[in-house]
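Colleague: First the structure, which I've put down as structure tokens, then a few questions once you've had a look.
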Amino acid sequence: MGDAVQQFFAVKAKIAAAEREAGRQAGAVTVVAVSKTFDAADISPVIEAGQRVFGENRVQEAQGKWPALKEAFADIELHLIGPLQSNKAREAVALFDVIETVDRDKIAVELAREIARQGRAPKLYVQVNTGSEPQKAGIEPRDAVAFVTRCRDVHGLAIEGLMCIPPADENPGPHFALLEKLGQEAGVAKLSMGMSGDYETAVAFGATSVRVGSAIFGSR
Ligand SMILES: *Cc1c(COP(=O)(O)O)cnc(C)c1O
């Protein structure tokens with residue numbers, strides 16, 4: 001068994017333990033295996049081990065490896081977890097099954113246009129900049145609920161979840177709690193939060209998916 005496969009099973013076991021500890025249902029949390037910077041040869045063994053949900057943060061990089069992997073393996077669910085430029089909306093709608101980084105009206109307009117044009121509708125999450133970091137993508141927490149409503153009512157987009165990336169140097173718990181609260185207020189069921197360093201904490205705070213890269217594939 002290769003390193004990535006072994007580490008993948010270790011992550012799955014830790015998630016299962018965190019689910020039990022938090023009194024959550026077994027299997028309540030989906031692992032999004034973040035494969036950015038890794039190539040098809042690194043990714044394939046993890047698919048063969050049973051994993052189907054993957055995350056990439058760049059549209060162009062994903063286009064280089066995922067069309068062939070999606071051909072080769074059935075039921076892949078590919079998540080876009082990096083910032084989306086409006087000029088990449090067409091490619092993103094064509095390739096991704098979940099787009100987690102909707103964070104402004106301009107992107108919402110482009111996505112709605114492409115979904116209508118292509119007849120293909122990826123699931124959509126709104127990214128929230130829970131730490132209000134100027135360099136980070138995501139909508140401000142105070143604007144998040146109104147933006148989700150606007151996506152539905154003005155842009156005709158069904159938003160299924162929220163996503164956040166807490167500031168690297170802060171305790172993530174309060175950020176996860178804030179995302180959970182905003183999800184309740186906005187009436188969305190999915191919460192994408194937690195990465196290699198803090199996914200067990202995120203499970204305790206109600207994550208429905210965690211995005212785990214280096215703990216599975218190794219350092220980048
Ligand atoms: C890279 C990345 C991850 C995974 O990070 P690790 O610390 O390697 O698990 C998760 N979410 C986003 C948005 C990322 O860009």
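Letters for chains follow the order of the structure tokens (A, B, ...), residue numbers begin at 1 for each chain, and ligand numbers begin at 1 in the order shown.
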Could you give me, as an MDAnalysis selection string, the residues within 9 Å of A:Gln51, counting only C-alpha atoms and dropping anything in the same chain fewer than 6 positions from it?
Modeller: chainID A and resid 8 31:33 76
Colleague: Tell me, as a list in words, which residues lie within 8 Å of A:Asn129, counting only C-alpha atoms; anything in the same chain fewer than 5 positions away does not count.
Modeller: Lys136, Ala137, Gly138, Ile139, Glu140, Pro141, Cys164, Ile165 and Pro166 of chain A
Colleague: What does the distance between atom CA of A:Ala28 and atom CA of A:Ala207 come to in Å, to one decimal place?
Modeller: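 Going from atom CA of A:Ala28 over to atom CA of A:Ala207 covers 8.6 Å.
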Colleague: With the cut-off set at 12 Å and counting only C-alpha atoms and all ligand atoms, tabulate each residue of chain A with an atom at most that distance from an atom of ligand 1, showing the nearest atom pair and its distance in Å to one decimal, ordered by chain and increasing number, as a tab-separated table.
Modeller:
```
residue	atom	partner	partner_atom_place_in_ligand_line	distance
A:Phe8	CA	ligand 1	9 (O)	11.6
A:Val11	CA	ligand 1	9 (O)	10.7
A:Val31	CA	ligand 1	9 (O)	10.6
A:Val32	CA	ligand 1	10 (C)	8.6
A:Ala33	CA	ligand 1	4 (C)	8.0
A:Val34	CA	ligand 1	4 (C)	5.5
A:Ser35	CA	ligand 1	1 (C)	8.1
A:Lys36	CA	ligand 1	1 (C)	6.7
A:Thr37	CA	ligand 1	1 (C)	9.2
A:Phe38	CA	ligand 1	1 (C)	11.2
A:Phe54	CA	ligand 1	4 (C)	10.6
A:Gly55	CA	ligand 1	10 (C)	7.9
A:Glu56	CA	ligand 1	15 (O)	7.4
A:Asn57	CA	ligand 1	15 (O)	5.4
A:Arg58	CA	ligand 1	15 (O)	8.9
A:His79	CA	ligand 1	13 (C)	10.1
A:Leu80	CA	ligand 1	13 (C)	8.5
A:Ile81	CA	ligand 1	13 (C)	4.8
A:Gly82	CA	ligand 1	13 (C)	5.4
A:Pro83	CA	ligand 1	13 (C)	8.4
A:Leu84	CA	ligand 1	13 (C)	11.5
A:Ile99	CA	ligand 1	13 (C)	11.2
A:Glu100	CA	ligand 1	13 (C)	8.7
A:Thr101	CA	ligand 1	13 (C)	8.6
A:Gln127	CA	ligand 1	13 (C)	9.5
A:Val128	CA	ligand 1	13 (C)	11.5
A:Asn129	CA	ligand 1	13 (C)	11.5
A:Lys136	CA	ligand 1	13 (C)	10.4
A:Ala137	CA	ligand 1	13 (C)	9.9
A:Gly138	CA	ligand 1	13 (C)	10.8
A:Met163	CA	ligand 1	13 (C)	8.7
A:Cys164	CA	ligand 1	13 (C)	7.8
A:Ile165	CA	ligand 1	13 (C)	6.4
A:Pro166	CA	ligand 1	13 (C)	10.0
A:Pro167	CA	ligand 1	13 (C)	11.7
A:Ala168	CA	ligand 1	7 (O)	10.0
A:Ser192	CA	ligand 1	11 (N)	8.9
A:Met193	CA	ligand 1	11 (N)	8.0
A:Gly194	CA	ligand 1	10 (C)	7.4
A:Met195	CA	ligand 1	9 (O)	4.2
A:Ser196	CA	ligand 1	9 (O)	3.6
A:Gly197	CA	ligand 1	7 (O)	6.1
A:Asp198	CA	ligand 1	7 (O)	8.5
A:Tyr199	CA	ligand 1	9 (O)	8.4
A:Glu200	CA	ligand 1	9 (O)	11.9
A:Ser209	CA	ligand 1	10 (C)	10.8
A:Val210	CA	ligand 1	10 (C)	7.9
A:Arg211	CA	ligand 1	10 (C)	4.6
A:Val212	CA	ligand 1	9 (O)	3.8
A:Gly213	CA	ligand 1	9 (O)	3.6
A:Ser214	CA	ligand 1	8 (O)	3.7
A:Ala215	CA	ligand 1	9 (O)	6.0
A:Ile216	CA	ligand 1	9 (O)	7.8
A:Phe217	CA	ligand 1	8 (O)	8.1
A:Gly218	CA	ligand 1	8 (O)	7.9
A:Ser219	CA	ligand 1	8 (O)	7.1
A:Arg220	CA	ligand 1	8 (O)	7.6
```
Colleague: Find the distance between atom CA of A:Lys181 and atom CA of A:Gly161 and write it in Å to one decimal.
Modeller: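 Distance reported for this atom pair: 12.1 Å.
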Colleague: If we count only C-alpha atoms and set the cut-off at 9 Å, which residues sit around stretch 110-124 of chain A, ignoring sequence neighbours fewer than 6 positions away in its own chain? Please answer as a ChimeraX atom specification.
Modeller: /A:86-87,89-90,92-102,155-162
Colleague: Can you pull out every residue from stretch 80-190 of chain A that DSSP, working from the backbone, puts in strand (DSSP E), and format the result as an NGL selection string?
Modeller: :A and (80 or 98-102 or 123-128 or 159-164 or 190)
Colleague: Output N, CA and C atoms for every residue in that selection, as a PDB file, in the first residue's frame.
Modeller:
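Dumped everything to result.pdb:
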```
ATOM      1  N   LEU A  80     -14.174  22.512  -6.766  1.00  0.00           N
ATOM      2  CA  LEU A  80     -13.293  23.674  -6.907  1.00  0.00           C
ATOM      3  C   LEU A  80     -13.259  24.388  -5.559  1.00  0.00           C
ATOM      4  N   VAL A  98     -18.822  20.427  -7.828  1.00  0.00           N
ATOM      5  CA  VAL A  98     -19.159  21.335  -6.731  1.00  0.00           C
ATOM      6  C   VAL A  98     -18.202  22.524  -6.832  1.00  0.00           C
ATOM      7  N   ILE A  99     -18.737  23.742  -6.780  1.00  0.00           N
ATOM      8  CA  ILE A  99     -17.910  24.952  -6.769  1.00  0.00           C
ATOM      9  C   ILE A  99     -18.124  25.603  -5.406  1.00  0.00           C
ATOM     10  N   GLU A 100     -17.050  25.610  -4.591  1.00  0.00           N
ATOM     11  CA  GLU A 100     -17.192  26.014  -3.185  1.00  0.00           C
ATOM     12  C   GLU A 100     -16.870  27.479  -2.948  1.00  0.00           C
ATOM     13  N   THR A 101     -16.536  28.214  -3.990  1.00  0.00           N
ATOM     14  CA  THR A 101     -15.932  29.537  -3.798  1.00  0.00           C
ATOM     15  C   THR A 101     -16.723  30.672  -4.446  1.00  0.00           C
ATOM     16  N   VAL A 102     -18.033  30.554  -4.466  1.00  0.00           N
ATOM     17  CA  VAL A 102     -18.871  31.660  -4.946  1.00  0.00           C
ATOM     18  C   VAL A 102     -18.802  32.755  -3.873  1.00  0.00           C
ATOM     19  N   LYS A 123     -23.102  21.809  -7.969  1.00  0.00           N
ATOM     20  CA  LYS A 123     -23.587  22.312  -6.681  1.00  0.00           C
ATOM     21  C   LYS A 123     -22.724  23.510  -6.288  1.00  0.00           C
ATOM     22  N   LEU A 124     -23.331  24.446  -5.565  1.00  0.00           N
ATOM     23  CA  LEU A 124     -22.624  25.692  -5.268  1.00  0.00           C
ATOM     24  C   LEU A 124     -22.603  25.979  -3.767  1.00  0.00           C
ATOM     25  N   TYR A 125     -21.418  26.398  -3.275  1.00  0.00           N
ATOM     26  CA  TYR A 125     -21.252  26.858  -1.904  1.00  0.00           C
ATOM     27  C   TYR A 125     -20.763  28.310  -1.960  1.00  0.00           C
ATOM     28  N   VAL A 126     -21.074  29.058  -0.937  1.00  0.00           N
ATOM     29  CA  VAL A 126     -20.560  30.422  -0.799  1.00  0.00           C
ATOM     30  C   VAL A 126     -19.369  30.405   0.156  1.00  0.00           C
ATOM     31  N   GLN A 127     -18.262  30.996  -0.289  1.00  0.00           N
ATOM     32  CA  GLN A 127     -17.096  31.109   0.584  1.00  0.00           C
ATOM     33  C   GLN A 127     -17.232  32.353   1.455  1.00  0.00           C
ATOM     34  N   VAL A 128     -17.021  32.167   2.770  1.00  0.00           N
ATOM     35  CA  VAL A 128     -17.121  33.271   3.728  1.00  0.00           C
ATOM     36  C   VAL A 128     -15.728  33.540   4.304  1.00  0.00           C
ATOM     37  N   ILE A 159     -27.930  27.673  -3.574  1.00  0.00           N
ATOM     38  CA  ILE A 159     -26.700  27.550  -2.773  1.00  0.00           C
ATOM     39  C   ILE A 159     -26.929  26.455  -1.739  1.00  0.00           C
ATOM     40  N   GLU A 160     -26.027  25.463  -1.740  1.00  0.00           N
ATOM     41  CA  GLU A 160     -26.219  24.324  -0.829  1.00  0.00           C
ATOM     42  C   GLU A 160     -25.374  24.391   0.420  1.00  0.00           C
ATOM     43  N   GLY A 161     -24.314  25.214   0.389  1.00  0.00           N
ATOM     44  CA  GLY A 161     -23.426  25.202   1.539  1.00  0.00           C
ATOM     45  C   GLY A 161     -22.602  26.453   1.678  1.00  0.00           C
ATOM     46  N   LEU A 162     -21.849  26.496   2.785  1.00  0.00           N
ATOM     47  CA  LEU A 162     -20.876  27.559   3.039  1.00  0.00           C
ATOM     48  C   LEU A 162     -19.504  26.922   3.224  1.00  0.00           C
ATOM     49  N   MET A 163     -18.473  27.703   2.917  1.00  0.00           N
ATOM     50  CA  MET A 163     -17.099  27.227   3.050  1.00  0.00           C
ATOM     51  C   MET A 163     -16.268  28.326   3.686  1.00  0.00           C
ATOM     52  N   CYS A 164     -15.283  27.938   4.516  1.00  0.00           N
ATOM     53  CA  CYS A 164     -14.357  28.946   5.051  1.00  0.00           C
ATOM     54  C   CYS A 164     -12.955  28.381   5.193  1.00  0.00           C
ATOM     55  N   LYS A 190     -24.926  22.427   4.083  1.00  0.00           N
ATOM     56  CA  LYS A 190     -23.553  21.916   3.967  1.00  0.00           C
ATOM     57  C   LYS A 190     -22.542  22.918   4.501  1.00  0.00           C
TER      58      LYS A 190
END
```
Colleague: Run DSSP on the backbone of this structure and report the residues of stretch 18-90 of chain A it assigns to helix (DSSP H, G or I), as a ChimeraX atom specification.
Modeller: /A:18-21,40-48,59-72,86-90
Colleague: What separation in Å, quoted to one decimal, exists between atom CA of A:Ala186 and atom CA of A:Val145?
Modeller: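 Going from atom CA of A:Ala186 over to atom CA of A:Val145, I get 5.0 Å.
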Colleague: For A:Ala177, find every residue with an atom within 9 Å (counting only C-alpha atoms), except residues of its own chain fewer than 6 positions away, and show them as a PDB file with N, CA, C and O atoms, in the first residue's frame.
Modeller:
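The resulting file, out-v3.pdb, is reproduced below:
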```
ATOM      1  N   ALA A 202     -13.005  20.610  13.148  1.00  0.00           N
ATOM      2  CA  ALA A 202     -14.125  20.997  12.277  1.00  0.00           C
ATOM      3  C   ALA A 202     -15.281  19.999  12.385  1.00  0.00           C
ATOM      4  O   ALA A 202     -16.451  20.392  12.369  1.00  0.00           O
ATOM      5  N   PHE A 205     -17.379  20.820  15.228  1.00  0.00           N
ATOM      6  CA  PHE A 205     -18.171  22.036  15.041  1.00  0.00           C
ATOM      7  C   PHE A 205     -19.241  21.885  13.945  1.00  0.00           C
ATOM      8  O   PHE A 205     -19.870  22.864  13.578  1.00  0.00           O
ATOM      9  N   GLY A 206     -19.395  20.678  13.401  1.00  0.00           N
ATOM     10  CA  GLY A 206     -20.509  20.456  12.478  1.00  0.00           C
ATOM     11  C   GLY A 206     -20.159  20.426  11.009  1.00  0.00           C
ATOM     12  O   GLY A 206     -21.063  20.465  10.159  1.00  0.00           O
TER      13      GLY A 206
END
```
Colleague: At a cut-off of 9 Å, using only C-alpha atoms, what residues contact A:Phe147? Leave out same-chain residues fewer than 3 positions from it and give the result as a PyMOL selection string.
Modeller: chain A and resi 103-105+126+139+143-144+150-152
